[in-house]
>>> print(open('upload09.cif').read())   # mmCIF, C-alpha atoms
data_input
#
loop_
_atom_site.label_atom_id
_atom_site.label_comp_id
_atom_site.auth_asym_id
_atom_site.auth_seq_id
_atom_site.Cartn_x
_atom_site.Cartn_y
_atom_site.Cartn_z
CA MET A 1 117.87 -11.16 94.96
CA SER A 2 114.27 -12.00 94.14
CA ILE A 3 112.93 -11.65 90.62
CA SER A 4 109.33 -12.19 91.69
CA GLY A 5 108.56 -8.51 92.24
CA PRO A 6 109.96 -5.24 93.59
CA PRO A 7 110.23 -4.61 97.35
CA ALA A 8 107.46 -2.57 98.94
CA ASP A 9 107.74 1.18 98.52
CA THR A 10 108.00 3.58 101.44
CA PRO A 11 108.12 7.39 101.61
CA GLU A 12 111.80 7.22 102.55
CA ARG A 13 112.62 4.94 99.64
CA GLN A 14 110.69 7.10 97.20
CA ALA A 15 112.55 10.19 98.38
CA TYR A 16 115.81 8.31 97.81
CA TYR A 17 114.73 7.24 94.32
CA ASP A 18 113.85 10.84 93.46
CA LYS A 19 117.27 11.97 94.65
CA ILE A 20 119.31 9.43 92.69
CA SER A 21 117.26 9.86 89.51
CA LYS A 22 118.74 13.37 89.20
CA ARG A 23 122.13 11.68 88.86
CA ASN A 24 120.91 9.26 86.15
CA LEU A 25 120.72 6.35 88.55
CA ASN A 26 117.94 3.84 89.10
CA PRO A 27 117.67 1.00 91.66
CA LEU A 28 117.86 -2.44 90.06
CA TRP A 29 115.72 -3.93 92.80
CA SER A 30 112.72 -1.90 91.65
CA VAL A 31 112.75 -3.39 88.13
CA MET A 32 114.56 -6.71 88.48
CA GLY A 33 111.51 -8.87 87.75
CA ALA A 34 110.55 -6.77 84.73
CA ILE A 35 113.92 -6.87 82.94
CA ILE A 36 115.02 -10.41 83.89
CA THR A 37 111.81 -12.34 83.30
CA ARG A 38 111.06 -15.91 84.31
CA GLU A 39 110.00 -16.68 80.72
CA PRO A 40 110.20 -14.77 77.42
CA ARG A 41 107.91 -11.75 77.45
CA SER A 42 107.35 -9.35 74.56
CA ALA A 43 104.68 -7.30 72.85
CA CYS A 44 104.86 -9.58 69.78
CA VAL A 45 101.48 -11.24 69.10
CA PRO A 46 100.24 -13.90 66.65
CA HIS A 47 98.80 -12.62 63.38
CA LEU A 48 98.03 -13.76 59.83
CA TRP A 49 98.18 -11.69 56.62
CA ASN A 50 95.87 -12.96 53.86
CA PHE A 51 97.74 -12.88 50.55
CA ALA A 52 94.76 -12.05 48.35
CA GLU A 53 94.12 -8.90 50.39
CA MET A 54 97.80 -7.97 50.44
CA LYS A 55 98.18 -8.45 46.68
CA GLU A 56 95.27 -6.11 45.99
CA LEU A 57 96.82 -3.44 48.21
CA LEU A 58 100.27 -3.93 46.66
CA LEU A 59 98.91 -3.53 43.14
CA GLU A 60 97.18 -0.35 44.29
CA ALA A 61 100.53 0.91 45.57
CA GLY A 62 101.95 0.05 42.15
CA SER A 63 99.57 2.58 40.59
CA LEU A 64 100.65 5.27 43.03
CA ILE A 65 104.46 5.06 43.12
CA THR A 66 107.11 3.49 40.90
CA ALA A 67 109.74 1.05 42.07
CA LYS A 68 112.43 3.63 41.24
CA GLU A 69 110.73 6.38 43.25
CA ALA A 70 110.20 4.11 46.24
CA GLU A 71 113.60 2.41 45.83
CA ARG A 72 111.84 -0.59 47.33
CA ARG A 73 108.07 -0.71 46.88
CA VAL A 74 107.25 -2.72 49.99
CA LEU A 75 104.33 -2.98 52.38
CA MET A 76 105.83 -3.78 55.76
CA LEU A 77 104.17 -6.48 57.84
CA GLU A 78 103.99 -4.79 61.22
CA ASN A 79 103.21 -6.89 64.24
CA PRO A 80 99.92 -5.61 65.74
CA GLY A 81 101.48 -5.68 69.18
CA MET A 82 104.27 -3.32 68.10
CA PRO A 83 102.63 -0.70 65.85
CA GLY A 84 104.91 1.89 64.32
CA GLN A 85 108.07 -0.09 65.10
CA ASN A 86 108.61 -1.44 61.55
CA ARG A 87 109.07 -5.01 62.70
CA ILE A 88 107.24 -8.31 62.68
CA THR A 89 109.13 -9.73 65.69
CA THR A 90 111.34 -8.02 68.23
CA SER A 91 114.43 -8.87 66.15
CA LEU A 92 113.20 -9.21 62.55
CA TYR A 93 111.50 -7.25 59.79
CA ALA A 94 109.16 -8.54 57.09
CA GLY A 95 107.55 -6.96 54.05
CA LEU A 96 105.89 -7.81 50.74
CA GLN A 97 107.70 -6.33 47.74
CA LEU A 98 106.16 -5.66 44.33
CA VAL A 99 108.06 -5.22 41.06
CA LEU A 100 105.86 -4.64 38.03
CA PRO A 101 106.70 -5.69 34.45
CA GLY A 102 109.46 -3.51 33.00
CA GLU A 103 110.50 -2.08 36.37
CA VAL A 104 113.84 -2.07 38.17
CA ALA A 105 114.25 -1.70 41.92
CA PRO A 106 117.54 0.27 41.92
CA ALA A 107 120.80 -1.16 43.20
CA HIS A 108 121.93 -0.49 46.74
CA ARG A 109 123.70 -2.23 49.57
CA HIS A 110 123.46 -2.18 53.35
CA SER A 111 124.66 -3.77 56.57
CA GLN A 112 121.46 -5.76 56.97
CA SER A 113 121.13 -9.35 55.76
CA ALA A 114 118.07 -10.09 53.64
CA VAL A 115 116.09 -13.15 52.65
CA ARG A 116 113.56 -13.21 49.81
CA PHE A 117 110.87 -15.82 49.45
CA VAL A 118 108.99 -15.71 46.15
CA LEU A 119 105.22 -15.83 46.53
CA ASP A 120 103.70 -14.78 43.21
CA GLY A 121 104.78 -14.48 39.59
CA ALA A 122 107.72 -15.86 37.66
CA GLY A 123 110.64 -14.60 35.65
CA ALA A 124 111.84 -11.54 37.55
CA HIS A 125 115.45 -11.45 38.63
CA THR A 126 117.64 -10.49 41.53
CA SER A 127 121.27 -9.57 40.96
CA VAL A 128 123.76 -9.96 43.80
CA ASP A 129 127.35 -8.78 43.44
CA GLY A 130 127.54 -9.37 39.71
CA GLU A 131 125.44 -12.51 39.38
CA ARG A 132 121.80 -12.66 38.34
CA THR A 133 119.24 -15.30 39.29
CA ILE A 134 115.79 -15.81 37.80
CA MET A 135 113.11 -16.10 40.47
CA GLN A 136 110.24 -18.61 40.60
CA VAL A 137 107.51 -19.21 43.20
CA GLY A 138 108.94 -20.98 46.24
CA ASP A 139 112.53 -19.94 45.60
CA PHE A 140 114.53 -18.88 48.65
CA VAL A 141 116.96 -16.09 47.73
CA ILE A 142 119.46 -14.35 50.02
CA THR A 143 121.32 -11.04 49.94
CA PRO A 144 124.39 -11.07 52.21
CA PRO A 145 125.27 -7.95 54.21
CA ARG A 146 127.06 -5.24 52.19
CA ALA A 147 126.35 -7.00 48.87
CA TRP A 148 125.24 -4.86 45.94
CA HIS A 149 121.80 -5.99 44.78
CA ASP A 150 118.99 -4.90 42.48
CA HIS A 151 115.74 -6.43 41.26
CA GLY A 152 114.21 -6.30 37.80
CA ASN A 153 111.13 -7.69 36.12
CA HIS A 154 111.35 -8.47 32.41
CA SER A 155 108.35 -10.82 32.56
CA ASP A 156 104.79 -9.88 31.64
CA GLU A 157 103.30 -10.25 35.13
CA PRO A 158 103.80 -8.63 38.55
CA MET A 159 106.28 -10.27 40.90
CA ILE A 160 105.71 -10.36 44.65
CA TRP A 161 108.00 -11.80 47.27
CA LEU A 162 108.40 -11.80 51.02
CA ASP A 163 111.36 -9.77 52.27
CA GLY A 164 112.91 -10.74 55.60
CA LEU A 165 115.67 -8.61 57.10
CA ASP A 166 117.48 -8.35 60.43
CA ILE A 167 116.87 -4.58 60.57
CA PRO A 168 115.89 -4.50 64.29
CA THR A 169 118.94 -6.59 65.21
CA VAL A 170 121.35 -4.34 63.33
CA SER A 171 119.66 -1.25 64.75
CA PHE A 172 120.04 -2.66 68.27
CA TYR A 173 123.80 -2.75 67.74
CA ASP A 174 123.85 0.72 66.09
CA ALA A 175 125.67 -0.86 63.15
CA SER A 176 123.61 0.23 60.13
CA PHE A 177 125.28 1.51 56.95
CA ALA A 178 123.64 1.90 53.53
CA GLU A 179 124.75 3.10 50.10
CA SER A 180 122.97 3.69 46.80
CA SER A 181 124.55 2.83 43.47
CA PRO A 182 124.92 5.43 40.69
CA GLU A 183 123.58 2.73 38.34
CA ASP A 184 120.07 1.31 38.68
CA GLU A 185 121.41 -2.10 37.67
CA ARG A 186 124.92 -3.19 38.56
CA PRO A 187 127.00 -4.87 35.84
CA VAL A 188 126.44 -8.62 35.51
CA THR A 189 129.87 -10.27 35.48
CA ARG A 190 128.99 -13.94 35.97
CA PRO A 191 126.50 -16.19 34.16
CA VAL A 192 123.21 -17.30 35.68
CA GLY A 193 123.80 -20.40 37.79
CA HIS A 194 127.49 -19.66 38.43
CA SER A 195 127.34 -19.87 42.24
CA MET A 196 125.15 -22.99 42.15
CA ALA A 197 127.64 -24.71 39.83
CA GLN A 198 130.54 -23.81 42.12
CA PHE A 199 128.99 -24.54 45.47
CA GLY A 200 125.74 -26.45 44.98
CA ALA A 201 127.01 -29.88 43.96
CA ASN A 202 128.62 -31.00 47.24
CA MET A 203 131.93 -29.55 46.07
CA LEU A 204 133.98 -26.39 46.62
CA PRO A 205 136.74 -24.79 44.56
CA VAL A 206 139.94 -26.44 45.73
CA ASP A 207 141.46 -23.35 47.38
CA TYR A 208 138.21 -21.68 48.45
CA GLU A 209 138.32 -19.60 51.62
CA ALA A 210 135.11 -17.98 52.84
CA ALA A 211 135.32 -14.20 52.88
CA GLN A 212 132.04 -13.78 54.74
CA PRO A 213 129.73 -15.81 57.02
CA SER A 214 126.88 -15.92 54.47
CA SER A 215 126.30 -18.71 51.98
CA PRO A 216 128.01 -18.30 48.58
CA ILE A 217 124.79 -19.70 47.04
CA PHE A 218 122.16 -17.01 46.88
CA ASN A 219 119.24 -18.86 45.25
CA TYR A 220 117.88 -22.11 46.64
CA PRO A 221 115.38 -23.15 43.91
CA TYR A 222 112.03 -24.49 45.05
CA ALA A 223 112.12 -27.29 42.49
CA ARG A 224 115.16 -28.81 44.22
CA THR A 225 113.71 -28.22 47.69
CA ARG A 226 110.40 -29.83 46.78
CA GLU A 227 112.17 -32.85 45.28
CA ALA A 228 114.14 -33.31 48.49
CA LEU A 229 110.98 -33.17 50.59
CA GLU A 230 109.29 -35.80 48.41
CA THR A 231 112.32 -38.07 48.68
CA MET A 232 112.28 -37.70 52.46
CA ARG A 233 108.52 -38.33 52.53
CA ARG A 234 109.12 -41.86 51.29
CA GLN A 235 111.10 -42.56 54.47
CA GLN A 236 107.99 -41.79 56.57
CA ASP A 237 110.25 -40.25 59.20
CA TRP A 238 107.76 -37.73 60.56
CA ASP A 239 108.66 -35.48 63.48
CA PRO A 240 105.61 -35.20 65.78
CA CYS A 241 106.13 -31.45 66.23
CA HIS A 242 107.14 -30.48 62.67
CA GLY A 243 106.09 -33.12 60.19
CA LEU A 244 109.05 -33.16 57.84
CA LYS A 245 111.11 -30.00 58.39
CA MET A 246 114.42 -29.22 56.71
CA ARG A 247 116.75 -26.28 57.25
CA PHE A 248 118.55 -24.41 54.51
CA VAL A 249 122.33 -24.50 54.92
CA ASN A 250 125.50 -22.78 53.88
CA PRO A 251 127.33 -25.45 51.81
CA VAL A 252 130.70 -24.24 53.09
CA ASP A 253 130.18 -25.10 56.74
CA GLY A 254 126.70 -26.60 57.09
CA GLY A 255 125.54 -23.59 59.11
CA SER A 256 122.80 -21.10 58.37
CA PRO A 257 122.85 -19.31 54.98
CA MET A 258 122.79 -16.00 56.87
CA PRO A 259 124.63 -15.10 60.09
CA THR A 260 121.54 -13.75 61.86
CA MET A 261 118.63 -15.68 60.32
CA SER A 262 117.72 -19.33 59.90
CA ALA A 263 115.36 -20.53 57.17
CA PHE A 264 113.34 -23.73 56.87
CA MET A 265 110.91 -25.62 54.64
CA GLN A 266 108.50 -28.20 55.99
CA LEU A 267 106.04 -30.67 54.57
CA LEU A 268 102.85 -31.58 56.39
CA PRO A 269 100.89 -34.44 54.76
CA LYS A 270 97.10 -34.31 54.57
CA ASP A 271 95.40 -34.65 57.98
CA PHE A 272 98.73 -34.45 59.84
CA ALA A 273 98.35 -32.69 63.20
CA THR A 274 101.53 -31.66 64.99
CA SER A 275 102.14 -32.03 68.69
CA ALA A 276 102.37 -28.95 70.89
CA TYR A 277 105.64 -27.08 70.45
CA ARG A 278 107.22 -23.80 71.46
CA SER A 279 110.66 -22.23 71.10
CA THR A 280 112.36 -18.93 71.86
CA ASP A 281 112.76 -17.92 68.21
CA ALA A 282 109.67 -16.01 67.05
CA THR A 283 109.05 -17.42 63.57
CA ILE A 284 107.55 -16.05 60.36
CA PHE A 285 105.75 -18.63 58.18
CA ALA A 286 104.79 -18.34 54.48
CA VAL A 287 102.60 -21.03 52.92
CA VAL A 288 103.69 -22.40 49.54
CA GLU A 289 101.15 -25.15 49.01
CA GLY A 290 98.08 -26.46 50.77
CA ARG A 291 95.58 -25.36 53.36
CA GLY A 292 95.25 -25.90 57.06
CA THR A 293 95.01 -24.29 60.47
CA THR A 294 97.68 -23.25 62.94
CA THR A 295 96.68 -22.74 66.56
CA ILE A 296 98.93 -20.29 68.42
CA ASP A 297 98.50 -19.91 72.16
CA GLY A 298 94.94 -21.22 71.78
CA GLN A 299 94.03 -18.94 68.86
CA PRO A 300 93.32 -20.65 65.48
CA PHE A 301 94.50 -19.17 62.17
CA ALA A 302 93.23 -20.75 58.94
CA TRP A 303 95.77 -20.43 56.12
CA GLY A 304 96.09 -21.11 52.42
CA PRO A 305 98.71 -20.65 49.68
CA LYS A 306 100.88 -17.51 49.98
CA ASP A 307 99.46 -16.43 53.35
CA VAL A 308 101.97 -15.21 55.94
CA PHE A 309 101.67 -15.65 59.71
CA ILE A 310 103.78 -15.06 62.80
CA VAL A 311 104.33 -17.29 65.84
CA PRO A 312 105.80 -15.28 68.74
CA SER A 313 108.54 -16.50 71.04
CA TRP A 314 107.61 -19.20 73.56
CA LYS A 315 103.97 -19.51 72.45
CA TRP A 316 102.48 -22.96 72.04
CA VAL A 317 101.83 -23.84 68.41
CA ASN A 318 100.08 -26.72 66.63
CA HIS A 319 99.66 -27.15 62.86
CA HIS A 320 96.92 -29.15 61.14
CA ALA A 321 97.05 -29.76 57.39
CA ASP A 322 93.71 -30.11 55.58
CA GLU A 323 95.67 -31.19 52.50
CA ASP A 324 99.33 -31.73 51.69
CA ALA A 325 101.04 -28.50 52.73
CA VAL A 326 104.49 -27.04 52.23
CA ILE A 327 105.47 -24.09 54.42
CA PHE A 328 108.55 -21.85 54.41
CA SER A 329 109.70 -20.14 57.60
CA TYR A 330 112.51 -17.99 58.94
CA SER A 331 113.59 -16.83 62.38
CA ASP A 332 116.56 -15.60 64.42
CA ARG A 333 117.27 -19.13 65.66
CA ILE A 334 120.89 -19.19 64.43
CA ALA A 335 121.72 -15.94 66.25
CA GLN A 336 120.16 -17.24 69.46
CA GLN A 337 122.06 -20.52 69.14
CA LYS A 338 125.37 -18.72 68.66
CA LEU A 339 124.66 -16.68 71.80
CA GLY A 340 123.62 -19.75 73.79
CA LEU A 341 120.05 -18.46 74.19
CA TRP A 342 117.89 -20.74 72.03
CA ARG A 343 115.53 -23.10 73.80
CA GLU A 344 112.63 -25.33 72.75
CA ASP A 345 109.83 -27.21 74.52
CA ARG A 346 108.41 -30.25 72.73
CA GLY A 347 105.42 -30.62 75.02
CA ASN A 348 106.94 -32.97 77.56
CA ARG A 349 110.48 -31.76 78.02
CA VAL A 350 112.50 -28.61 77.55
CA LYS A 351 115.61 -28.90 75.42
CA ASP A 352 118.36 -26.33 76.03
#
>>> encode(input="upload09.cif", output="structure tokens")
Amino acid sequence: MSISGPPADTPERQAYYDKISKRNLNPLWSVMGAIITREPRSACVPHLWNFAEMKELLLEAGSLITAKEAERRVLMLENPGMPGQNRITTSLYAGLQLVLPGEVAPAHRHSQSAVRFVLDGAGAHTSVDGERTIMQVGDFVITPPRAWHDHGNHSDEPMIWLDGLDIPTVSFYDASFAESSPEDERPVTRPVGHSMAQFGANMLPVDYEAAQPSSPIFNYPYARTREALETMRRQQDWDPCHGLKMRFVNPVDGGSPMPTMSAFMQLLPKDFATSAYRSTDATIFAVVEGRGTTTIDGQPFAWGPKDVFIVPSWKWVNHHADEDAVIFSYSDRIAQQKLGLWREDRGNRVKD
């Protein structure tokens, strides 16, 4: 069966199609090329959100609605190619969340996995299932599915972070559940740093058995990440397509911290220009340090600290760093790999 295009239509065929449509039937041959495409095809398009503009709009929202009223005061980053669909890629959601000094974003839990990447401010906290972590710029924080979590800000400045959730993926499977807590803040039953002490030193409790596929560490501090990147820099082992790119891992099994999302941090030294690259996982990038330009499918996007941009699936991408740059990113790569779908093209060969 050809996937190049549908067979020619005739009056007899059209009459047949009209007849079977009344029985909730449709001929595969008329849509084969549209639903089984030769290459990835979606409405997702490249875009960049300037942080200075977003912060101004977030602070305006802060004067209009409280964190408690909103439950989560978030401006969703909607992909321009998919307006009204509450998503930044076909499988992932992104938003910028604001918690003002003295506020609490009330506790709840849900089926969706969540990643937080801190962009602005310092000293707010996230509590996950009885443990609290203090958030700093560049920290990568996770909330496993069905885990109780709340956010609070006892600092004297606004806190803004990037939320990434697998909402479209969970919705696709019709598997969404959510529950609010009667308490705005759940009881804290473990000291700050408890999970890092247990699982973050290349050791595990002797009889530990994982109860879930998510990482038992829920805060990956930027200070440690940045130190690792600098240590690796001294090896001068630069990947032509990524510079120096590391993936965050679950210390239990070396896999992704979340079952549906992968997360990364990369270092691009000043004047480094990456080779052409594309992959099937549409990827959301958030700049931590530095300035540069990313060209996506021939379209340049100039970025600076805290800006967020999206690279759609199977679009050619090149990065150029005007100064030393550190960039966080997340995607659905781990889910695609588990399903045997992920694929990359490094400019001269395709790797399955």
>>> residues_around(input="upload09.cif", residues="stretch 27-33 of chain A", least_positions_apart="5", cutoff="12 Å", atoms="all atoms listed in the file", output="list of chain:residue names")
A:Met1, A:Ser2, A:Ile3, A:Ser4, A:Gly5, A:Pro6, A:Pro7, A:Ala8, A:Asp9, A:Arg13, A:Gln14, A:Tyr16, A:Tyr17, A:Asp18, A:Lys19, A:Ile20, A:Ser21, A:Arg38, A:Glu39, A:Pro40, A:Arg41
>>> resolve_selection(input="upload09.cif", expression="the PyMOL selection byres ((chain A and resi 146) around 10)", output="list in words")
His108, Arg109, His110, Ser111, Gln112, Ser113, Asp129, Thr143, Pro144, Pro145, Ala147, Trp148, His149, Phe177, Ala178 and Glu179 of chain A
>>> residues_around(input="upload09.cif", residues="A:Thr274", least_positions_apart="2", cutoff="6 Å", atoms="all atoms listed in the file", output="tab-separated table (two decimals) with C-alpha atoms, in the coordinates of the input")
chain	number	residue	atom	x	y	z
A	240	PRO	CA	105.61	-35.20	65.78
A	241	CYS	CA	106.13	-31.45	66.23
A	318	ASN	CA	100.08	-26.72	66.63
A	319	HIS	CA	99.66	-27.15	62.86
>>> residues_around(input="upload09.cif", residues="A:Ala67", least_positions_apart="4", cutoff="12 Å", atoms="all atoms listed in the file", output="PDB file with C-alpha atoms, in the frame of the given file")
ATOM      1  CA  LEU A  58     100.270  -3.930  46.660  1.00  0.00           C
ATOM      2  CA  LEU A  59      98.910  -3.530  43.140  1.00  0.00           C
ATOM      3  CA  ALA A  61     100.530   0.910  45.570  1.00  0.00           C
ATOM      4  CA  GLY A  62     101.950   0.050  42.150  1.00  0.00           C
ATOM      5  CA  SER A  63      99.570   2.580  40.590  1.00  0.00           C
ATOM      6  CA  GLU A  71     113.600   2.410  45.830  1.00  0.00           C
ATOM      7  CA  ARG A  72     111.840  -0.590  47.330  1.00  0.00           C
ATOM      8  CA  ARG A  73     108.070  -0.710  46.880  1.00  0.00           C
ATOM      9  CA  VAL A  74     107.250  -2.720  49.990  1.00  0.00           C
ATOM     10  CA  GLN A  97     107.700  -6.330  47.740  1.00  0.00           C
ATOM     11  CA  LEU A  98     106.160  -5.660  44.330  1.00  0.00           C
ATOM     12  CA  VAL A  99     108.060  -5.220  41.060  1.00  0.00           C
ATOM     13  CA  LEU A 100     105.860  -4.640  38.030  1.00  0.00           C
ATOM     14  CA  PRO A 101     106.700  -5.690  34.450  1.00  0.00           C
ATOM     15  CA  GLY A 102     109.460  -3.510  33.000  1.00  0.00           C
ATOM     16  CA  GLU A 103     110.500  -2.080  36.370  1.00  0.00           C
ATOM     17  CA  VAL A 104     113.840  -2.070  38.170  1.00  0.00           C
ATOM     18  CA  ALA A 105     114.250  -1.700  41.920  1.00  0.00           C
ATOM     19  CA  PRO A 106     117.540   0.270  41.920  1.00  0.00           C
ATOM     20  CA  ALA A 107     120.800  -1.160  43.200  1.00  0.00           C
ATOM     21  CA  ASP A 150     118.990  -4.900  42.480  1.00  0.00           C
ATOM     22  CA  HIS A 151     115.740  -6.430  41.260  1.00  0.00           C
ATOM     23  CA  GLY A 152     114.210  -6.300  37.800  1.00  0.00           C
ATOM     24  CA  ASN A 153     111.130  -7.690  36.120  1.00  0.00           C
ATOM     25  CA  PRO A 158     103.800  -8.630  38.550  1.00  0.00           C
ATOM     26  CA  MET A 159     106.280 -10.270  40.900  1.00  0.00           C
ATOM     27  CA  ASP A 184     120.070   1.310  38.680  1.00  0.00           C
TER      28      ASP A 184
END
>>> resolve_selection(input="upload09.cif", expression="the PyMOL selection byres ((chain A and resi 312) around 7)", output="PDB file with C-alpha atoms, keeping the file's coordinate frame")
ATOM      1  CA  CYS A  44     104.860  -9.580  69.780  1.00  0.00           C
ATOM      2  CA  VAL A  45     101.480 -11.240  69.100  1.00  0.00           C
ATOM      3  CA  PRO A  46     100.240 -13.900  66.650  1.00  0.00           C
ATOM      4  CA  ALA A 282     109.670 -16.010  67.050  1.00  0.00           C
ATOM      5  CA  THR A 283     109.050 -17.420  63.570  1.00  0.00           C
ATOM      6  CA  ILE A 310     103.780 -15.060  62.800  1.00  0.00           C
ATOM      7  CA  VAL A 311     104.330 -17.290  65.840  1.00  0.00           C
ATOM      8  CA  SER A 313     108.540 -16.500  71.040  1.00  0.00           C
ATOM      9  CA  TRP A 314     107.610 -19.200  73.560  1.00  0.00           C
ATOM     10  CA  LYS A 315     103.970 -19.510  72.450  1.00  0.00           C
TER      11      LYS A 315
END
